[in-house]
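The file data.cif contains mmCIF, C-alpha atoms and all ligand atoms:
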```
data_work
loop_
_atom_site.label_atom_id
_atom_site.label_comp_id
_atom_site.auth_asym_id
_atom_site.auth_seq_id
_atom_site.Cartn_x
_atom_site.Cartn_y
_atom_site.Cartn_z
CA MET Z 27 154.86 -99.00 -105.69
CA ARG Z 28 151.91 -100.59 -103.93
CA LYS Z 29 151.01 -99.11 -100.55
CA GLU Z 30 151.37 -102.38 -98.65
CA VAL Z 31 154.81 -102.99 -100.20
CA LYS Z 32 155.93 -99.51 -99.23
CA ARG Z 33 154.67 -100.06 -95.69
CA MET Z 34 156.48 -103.41 -95.44
CA LEU Z 35 159.77 -101.95 -96.72
CA LYS Z 36 159.58 -98.94 -94.39
CA LYS Z 37 159.34 -101.27 -91.41
CA ALA Z 38 162.26 -103.49 -92.52
CA SER Z 39 165.51 -103.12 -90.58
CA ILE Z 40 167.50 -105.37 -92.90
CA ILE Z 41 166.83 -105.53 -96.62
CA ASP Z 42 168.84 -107.87 -98.86
CA ASN Z 43 168.85 -106.00 -102.16
CA HIS Z 44 170.23 -108.88 -104.20
CA VAL Z 45 168.93 -112.46 -104.22
CA HIS Z 46 168.46 -115.02 -106.98
CA LEU Z 47 165.86 -117.72 -107.47
CA SER Z 48 165.68 -120.60 -109.88
CA VAL Z 49 162.93 -122.65 -111.46
CA HIS Z 50 165.18 -125.71 -111.73
CA SER Z 51 164.40 -128.46 -109.25
CA LYS Z 52 168.10 -129.20 -108.64
CA SER Z 53 169.04 -125.60 -107.84
CA ARG Z 54 169.77 -124.35 -104.31
CA ALA Z 55 167.95 -121.13 -105.13
CA LYS Z 56 164.51 -122.22 -103.92
CA ILE Z 57 161.99 -119.78 -102.55
CA GLU Z 58 161.35 -121.95 -99.46
CA GLU Z 59 165.08 -122.00 -98.72
CA LEU Z 60 165.31 -118.26 -99.18
CA GLU Z 61 162.41 -117.67 -96.81
CA LYS Z 62 164.00 -120.02 -94.26
CA SER Z 63 167.36 -118.27 -94.49
CA MET Z 64 165.76 -114.83 -94.24
CA SER Z 65 163.65 -115.62 -91.19
CA GLY Z 66 166.52 -117.51 -89.54
CA ASN Z 67 168.84 -114.54 -89.95
CA GLY Z 68 166.52 -111.62 -89.33
CA ILE Z 69 166.44 -110.45 -92.94
CA ASP Z 70 163.13 -108.59 -93.12
CA ALA Z 71 162.85 -108.11 -96.88
CA ALA Z 72 164.61 -109.07 -100.09
CA ILE Z 73 164.77 -108.07 -103.73
CA ALA Z 74 164.65 -111.04 -106.11
CA LEU Z 75 166.12 -110.46 -109.55
CA ALA Z 76 164.84 -111.71 -112.87
CA ALA Z 77 167.58 -112.76 -115.30
CA TYR Z 78 167.71 -113.25 -119.07
CA PHE Z 79 170.93 -115.01 -120.09
CA PRO Z 80 170.91 -115.79 -123.81
CA ARG Z 81 174.50 -117.09 -123.64
CA LYS Z 82 174.41 -119.25 -120.49
CA THR Z 83 172.11 -121.11 -118.12
CA GLY Z 84 170.47 -119.60 -115.06
CA SER Z 85 167.75 -117.49 -116.68
CA ILE Z 86 164.54 -116.73 -114.86
CA THR Z 87 161.87 -114.68 -116.62
CA ASN Z 88 159.79 -111.91 -115.13
CA GLU Z 89 156.68 -114.08 -115.03
CA GLN Z 90 158.56 -117.02 -113.50
CA ILE Z 91 160.04 -115.00 -110.65
CA LEU Z 92 156.77 -113.16 -110.03
CA SER Z 93 154.96 -116.46 -109.82
CA LEU Z 94 157.56 -117.93 -107.40
CA THR Z 95 157.36 -114.93 -105.08
CA LYS Z 96 153.65 -114.21 -105.25
CA ASN Z 97 152.83 -115.60 -101.80
CA TYR Z 98 155.77 -113.92 -100.09
CA ASN Z 99 154.86 -110.39 -99.04
CA ASN Z 100 158.41 -109.49 -98.01
CA ILE Z 101 160.08 -110.43 -101.31
CA VAL Z 102 159.84 -107.87 -104.10
CA VAL Z 103 161.02 -108.23 -107.68
CA PHE Z 104 163.26 -106.39 -110.14
CA GLY Z 105 162.28 -107.24 -113.70
CA SER Z 106 164.74 -107.76 -116.52
CA LEU Z 107 164.90 -108.34 -120.27
CA ASP Z 108 166.98 -109.89 -123.02
CA ALA Z 109 168.68 -106.69 -124.14
CA GLU Z 110 170.75 -108.58 -126.68
CA ASN Z 111 168.05 -110.31 -128.70
CA ASN Z 112 164.67 -109.06 -127.60
CA LEU Z 113 164.92 -105.47 -126.52
CA GLN Z 114 161.60 -104.16 -127.87
CA GLU Z 115 159.50 -106.95 -126.45
CA GLY Z 116 161.38 -106.70 -123.18
CA VAL Z 117 160.80 -102.99 -122.81
CA ALA Z 118 157.09 -103.45 -123.55
CA ASP Z 119 156.89 -106.21 -120.95
CA LEU Z 120 158.68 -104.11 -118.32
CA GLU Z 121 156.36 -101.19 -119.04
CA LYS Z 122 153.34 -103.42 -118.50
CA LEU Z 123 154.74 -104.77 -115.22
CA LEU Z 124 155.63 -101.27 -114.00
CA THR Z 125 152.18 -99.95 -114.90
CA LYS Z 126 150.64 -102.71 -112.80
CA ASP Z 127 153.13 -102.13 -109.93
CA ARG Z 128 154.32 -105.73 -110.12
CA ILE Z 129 158.04 -104.88 -110.14
CA VAL Z 130 159.94 -102.21 -108.17
CA GLY Z 131 163.10 -101.94 -110.29
CA ILE Z 132 165.01 -103.21 -113.32
CA LYS Z 133 168.11 -105.41 -113.35
CA LEU Z 134 170.54 -105.48 -116.28
CA TYR Z 135 173.48 -107.83 -116.93
CA PRO Z 136 175.81 -106.16 -119.47
CA GLY Z 137 178.58 -108.77 -119.11
CA TYR Z 138 176.22 -111.65 -119.86
CA GLN Z 139 174.33 -109.95 -122.67
CA PHE Z 140 177.29 -108.40 -124.43
CA VAL Z 141 175.87 -104.91 -124.40
CA TYR Z 142 177.64 -101.84 -123.07
CA PRO Z 143 175.62 -99.93 -120.44
CA ASN Z 144 176.11 -96.70 -122.38
CA ASP Z 145 174.90 -98.23 -125.65
CA LYS Z 146 172.19 -95.90 -127.03
CA LYS Z 147 169.86 -98.81 -127.56
CA LEU Z 148 169.44 -99.11 -123.78
CA ASP Z 149 168.26 -95.50 -123.47
CA GLU Z 150 164.65 -96.54 -123.66
CA VAL Z 151 165.13 -98.85 -120.68
CA TYR Z 152 166.58 -95.95 -118.69
CA GLU Z 153 163.84 -93.58 -119.87
CA LEU Z 154 161.26 -96.12 -118.73
CA ALA Z 155 162.88 -96.47 -115.30
CA GLU Z 156 163.12 -92.69 -114.97
CA ARG Z 157 159.47 -92.28 -115.93
CA PHE Z 158 158.32 -94.83 -113.34
CA LYS Z 159 160.87 -93.60 -110.77
CA VAL Z 160 162.39 -97.06 -110.24
CA PRO Z 161 166.11 -97.85 -109.94
CA VAL Z 162 168.21 -99.75 -112.46
CA MET Z 163 170.63 -102.25 -110.96
CA PHE Z 164 173.59 -103.50 -112.97
CA HIS Z 165 175.59 -106.63 -112.57
CA SER Z 166 179.12 -105.23 -112.78
CA GLY Z 167 182.65 -106.49 -113.12
CA LEU Z 168 183.38 -110.20 -113.04
CA ALA Z 169 181.41 -112.44 -115.32
CA TYR Z 170 181.76 -115.92 -113.93
CA LYS Z 171 182.85 -118.51 -116.43
CA SER Z 172 182.69 -118.23 -120.17
CA PRO Z 173 180.84 -116.94 -122.01
CA GLY Z 174 180.96 -113.78 -119.99
CA GLY Z 175 182.37 -110.47 -121.12
CA ILE Z 176 183.96 -108.58 -118.26
CA ARG Z 177 184.70 -105.65 -120.55
CA PHE Z 178 180.98 -104.86 -120.92
CA SER Z 179 180.42 -104.33 -117.22
CA ARG Z 180 183.34 -102.12 -116.30
CA PRO Z 181 182.06 -99.42 -113.94
CA ILE Z 182 183.34 -96.58 -116.10
CA TYR Z 183 180.38 -97.05 -118.50
CA PHE Z 184 177.85 -96.45 -115.74
CA ASP Z 185 179.22 -92.94 -115.46
CA ASP Z 186 177.83 -92.07 -118.91
CA VAL Z 187 174.41 -93.43 -117.93
CA ALA Z 188 174.41 -91.54 -114.63
CA ASP Z 189 175.32 -88.33 -116.46
CA LYS Z 190 172.75 -88.71 -119.19
CA PHE Z 191 169.94 -89.71 -116.80
CA PRO Z 192 170.44 -87.61 -113.67
CA GLU Z 193 167.02 -88.53 -112.24
CA LEU Z 194 167.67 -92.26 -112.62
CA LYS Z 195 168.86 -94.13 -109.53
CA ILE Z 196 171.63 -96.58 -110.41
CA ILE Z 197 172.89 -99.46 -108.29
CA ILE Z 198 176.26 -100.96 -109.26
CA SER Z 199 176.33 -104.49 -107.87
CA HIS Z 200 179.43 -106.26 -106.56
CA LEU Z 201 181.31 -102.94 -106.21
CA GLY Z 202 182.44 -103.27 -109.82
CA ASP Z 203 184.87 -105.99 -108.75
CA PRO Z 204 187.68 -106.09 -109.93
CA ASP Z 205 187.48 -102.39 -110.86
CA ILE Z 206 186.48 -101.32 -107.38
CA ARG Z 207 188.29 -97.97 -107.39
CA GLN Z 208 186.58 -97.15 -110.67
CA ALA Z 209 183.13 -97.99 -109.25
CA THR Z 210 183.91 -95.91 -106.17
CA ALA Z 211 184.84 -92.95 -108.38
CA VAL Z 212 181.58 -93.27 -110.33
CA ALA Z 213 179.58 -93.34 -107.07
CA HIS Z 214 181.59 -90.43 -105.72
CA LYS Z 215 181.00 -88.27 -108.76
CA ASN Z 216 177.32 -89.03 -109.35
CA SER Z 217 174.72 -88.38 -106.65
CA ASN Z 218 172.38 -90.91 -108.31
CA VAL Z 219 174.78 -93.89 -108.09
CA TYR Z 220 174.86 -96.47 -105.29
CA LEU Z 221 177.07 -99.52 -104.76
CA ASP Z 222 176.11 -102.92 -103.39
CA PHE Z 223 178.73 -105.30 -102.00
CA SER Z 224 176.92 -108.52 -102.80
CA GLY Z 225 178.55 -111.71 -104.00
CA LEU Z 226 182.07 -110.95 -102.79
CA VAL Z 227 182.18 -113.56 -100.03
CA SER Z 228 180.85 -116.48 -101.96
CA ASN Z 229 180.13 -119.96 -100.72
CA THR Z 230 180.06 -121.75 -104.02
CA THR Z 231 181.29 -125.35 -103.84
CA LYS Z 232 184.56 -124.42 -105.47
CA ASN Z 233 185.29 -121.89 -102.73
CA GLN Z 234 184.07 -124.18 -99.98
CA GLN Z 235 186.70 -126.72 -100.97
CA ARG Z 236 189.46 -124.23 -100.15
CA SER Z 237 191.38 -124.60 -96.92
CA GLU Z 238 190.29 -122.66 -93.84
CA LYS Z 239 193.43 -120.57 -94.01
CA TRP Z 240 192.68 -119.25 -97.49
CA LYS Z 241 189.00 -118.74 -96.75
CA ARG Z 242 189.93 -116.64 -93.72
CA LYS Z 243 192.55 -114.64 -95.63
CA ASN Z 244 190.05 -114.03 -98.41
CA GLU Z 245 187.43 -112.80 -96.00
CA GLU Z 246 189.88 -110.44 -94.33
CA TYR Z 247 190.78 -109.08 -97.75
CA ILE Z 248 187.12 -108.55 -98.68
CA ILE Z 249 186.38 -106.75 -95.41
CA GLU Z 250 189.39 -104.52 -95.95
CA THR Z 251 188.28 -103.84 -99.53
CA ILE Z 252 184.71 -102.84 -98.60
CA ALA Z 253 185.99 -100.78 -95.68
CA ASN Z 254 188.37 -98.95 -98.04
CA VAL Z 255 185.49 -98.08 -100.37
CA MET Z 256 183.66 -96.43 -97.47
CA ILE Z 257 186.82 -94.66 -96.35
CA ASP Z 258 187.36 -93.47 -99.90
CA LEU Z 259 183.77 -92.18 -100.06
CA MET Z 260 184.09 -90.85 -96.50
CA GLY Z 261 180.73 -92.22 -95.48
CA THR Z 262 178.09 -94.88 -95.79
CA GLU Z 263 175.46 -92.99 -97.84
CA LYS Z 264 176.18 -94.91 -101.04
CA ILE Z 265 176.65 -98.44 -99.74
CA ILE Z 266 173.86 -101.00 -99.96
CA PHE Z 267 173.64 -104.36 -98.18
CA GLY Z 268 173.09 -107.25 -100.57
CA THR Z 269 174.24 -110.85 -100.51
CA ASP Z 270 173.73 -112.49 -103.92
CA TRP Z 271 172.02 -115.35 -102.07
CA PRO Z 272 172.45 -118.33 -102.54
CA ILE Z 273 175.92 -117.57 -103.95
CA SER Z 274 176.70 -115.86 -100.64
CA SER Z 275 174.98 -116.83 -97.40
CA HIS Z 276 173.10 -114.48 -95.10
CA GLU Z 277 175.20 -115.71 -92.18
CA SER Z 278 178.49 -114.74 -93.83
CA TYR Z 279 177.17 -111.35 -94.86
CA LEU Z 280 175.84 -110.46 -91.42
CA LEU Z 281 179.24 -111.37 -89.98
CA LEU Z 282 180.80 -109.19 -92.64
CA VAL Z 283 178.67 -106.23 -91.55
CA ASP Z 284 179.70 -106.85 -87.92
CA SER Z 285 183.35 -106.78 -88.98
CA LEU Z 286 182.82 -103.56 -90.92
CA GLU Z 287 181.07 -102.01 -87.94
CA GLU Z 288 184.04 -102.84 -85.77
CA ARG Z 289 186.66 -101.91 -88.35
CA LEU Z 290 185.12 -98.49 -89.12
CA ASP Z 291 183.43 -97.67 -85.78
CA LEU Z 292 180.10 -97.43 -87.58
CA ASN Z 293 177.40 -95.74 -85.53
CA GLY Z 294 173.73 -96.76 -85.49
CA LYS Z 295 172.75 -94.34 -88.25
CA GLU Z 296 175.55 -95.47 -90.55
CA LYS Z 297 174.68 -99.12 -90.06
CA ARG Z 298 171.02 -98.41 -90.78
CA GLN Z 299 171.98 -96.62 -93.99
CA ILE Z 300 173.83 -99.72 -95.18
CA LEU Z 301 171.25 -102.28 -94.06
CA SER Z 302 168.09 -100.52 -95.27
CA GLY Z 303 168.23 -96.72 -95.58
CA ASN Z 304 170.16 -96.46 -98.83
CA ILE Z 305 168.18 -99.05 -100.75
CA LEU Z 306 164.96 -97.35 -99.60
CA LYS Z 307 166.33 -94.08 -101.00
CA ALA Z 308 167.17 -95.77 -104.29
CA LEU Z 309 163.64 -97.19 -104.38
CA GLY Z 310 162.20 -93.77 -103.62
CA VAL Z 311 160.64 -94.89 -100.33
CA LYS Z 312 160.72 -92.25 -97.62
CA LYS Z 313 161.22 -93.62 -94.09
ZN ZN Z 401 173.71 -111.59 -108.47
#
```

If you took the structure in this file and wrote it as structure tokens, what would it be?
Amino acid sequence: MRKEVKRMLKKASIIDNHVHLSVHSKSRAKIEELEKSMSGNGIDAAIALAAYFPRKTGSITNEQILSLTKNYNNIVVFGSLDAENNLQEGVADLEKLLTKDRIVGIKLYPGYQFVYPNDKKLDEVYELAERFKVPVMFHSGLAYKSPGGIRFSRPIYFDDVADKFPELKIIISHLGDPDIRQATAVAHKNSNVYLDFSGLVSNTTKNQQRSEKWKRKNEEYIIETIANVMIDLMGTEKIIFGTDWPISSHESYLLLVDSLEERLDLNGKEKRQILSGNILKALGVKK
């Protein structure tokens, strides 16, 4: 990791470990909007994720996302690849980007690429991440809309990866939803596994059309769910703050953290672990 990036991350109090950007002019996921939302909500840094979706829309290549973010010092990038159709080229590309310190992690989407996380063919991606000491983040659980294969991103498969690559830091996004207890067990068992709670309170148009009553009930349920994960793990060392912006807003997620703080009597240290400390650990940045 570049020195200036490390310095920037060390100083950040709130890091959003999970944001998306788009190259499409009609998309909400614009870099200017992201920057506005971050500065308006006190989000000091963010991780933007490349995405290769051979079966659906919404892809953004490594070069595209690096080009969008190049003038934003507080937005760093996780590279990705098309593991389904273009594994070799993808690994070579990631290696080049890692060598040049242009990315700080790798994001994989098993449910959208129809590949199981413990498939041997992905070993070289994990070996690469281990060699460069960068984390691998997985989209887990729900795959929105068809074609999406929920079975590929069940948290249980991350256990095999964590076992086989003990030096590799793994981030399971979205708490493995709907298999949240399974994701919690994988994080509990493996010291190298973290969980992010991004994308659970979503403000997609479909959800926005719901009545206030159901939105409130849903939010209460989500807060209870995340709180139960921390109670189950008896601590905050494994939990990472991430939003899935623009699918979830920074406002709603900061409110969520406030609710968790109240619900669990989180102290300053515990809150810092969630908001920045744990992702820094996963990134190998010492505070
Ligand atoms: Zn996401």

Residues within 7 Å of segment 246-250 of chain Z, please, as a count of residues only. Count all atoms listed in the file; anything in the same chain fewer than 4 positions from it doesn't count.
5

With only C-alpha atoms as the counted atoms, please give the residues lying no more than 12 Å from Asn216 of chain Z, apart from itself and same-chain residues fewer than 6 positions off, as a list of chain:residue names.
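The residues satisfying every condition are Z:Ile182, Z:Phe184, Z:Asp185, Z:Asp186, Z:Val187, Z:Ala188, Z:Asp189, Z:Lys190, Z:Phe191, Z:Pro192, Z:Glu193, Z:Leu194, Z:Lys195, Z:Ile196, Z:Ile197, Z:Ile198, Z:Ala209, Z:Thr210, Z:Leu259, Z:Lys264.
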
Closest-contact table, segment 190-306 of chain Z side, partner segment 33-50 of chain Z, 7 Å, counting all atoms listed in the file, as a tab-separated table:
```
residue	atom	partner	partner_atom	distance
Z:Ser224	CA	Z:His44	CA	6.8
Z:Phe267	CA	Z:Asp42	CA	6.0
Z:Gly268	CA	Z:Asp42	CA	4.6
Z:Thr269	CA	Z:His44	CA	5.8
Z:Asp270	CA	Z:Val45	CA	4.8
Z:Trp271	CA	Z:Val45	CA	4.7
Z:Pro272	CA	Z:His46	CA	6.8
Z:Leu301	CA	Z:Ile40	CA	5.0
Z:Ser302	CA	Z:Ile41	CA	5.3
```

Rank Z:Asn100, Z:Ser106, Z:Gln235, Z:Asn111 by their smallest atom-to-atom distance to Ser65 of chain Z, using only C-alpha atoms, and report the top residue only.
Z:Asn100

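Note that atom CA of Ser179 of chain Z and atom CA of Gly167 of chain Z are 5.1 Å apart.
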
Long-range neighbours of Met163 of chain Z as a VMD selection string, 12 Å cut-off, all atoms listed in the file, 6 positions minimum in chain:
chain Z and resid 43 to 44 73 to 77 103 to 106 130 to 136 143 151 to 152 155 179 184 187 to 188 194 to 202 218 to 222 266 268 305 308 to 309

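Between Tyr170 of chain Z and the residues Z:Ala71, Z:Ile273, Z:Leu113, Z:Ile300, the shortest atom-to-atom distance, using all atoms listed in the file, involves Z:Ile273.
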
Counting all atoms listed in the file, what is within 10 Å of Asp258 of chain Z, bar same-chain residues fewer than 4 positions away, as a count of residues only?
7

Nearest candidate to ligand ZN 401 (chain Z) (options Z:Ser278, Z:Gln208, Z:Phe223, Z:Asn97; using all atoms listed in the file):
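Under the stated criterion, the closest residue is Z:Phe223.
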
By how many Å are atom CA of Met64 of chain Z and atom CA of Glu238 of chain Z apart?
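Between atom CA of Met64 of chain Z and atom CA of Glu238 of chain Z the gap is 25.8 Å.
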
Among listed residues Z:Leu292, Z:Ala55, Z:Val102, Z:Met27, nearest ligand ZN 401 (chain Z) (using all atoms listed in the file):
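Checking each of Z:Leu292, Z:Ala55, Z:Val102, Z:Met27 against ligand ZN 401 (chain Z), counting all atoms listed in the file, the winner is Z:Ala55.
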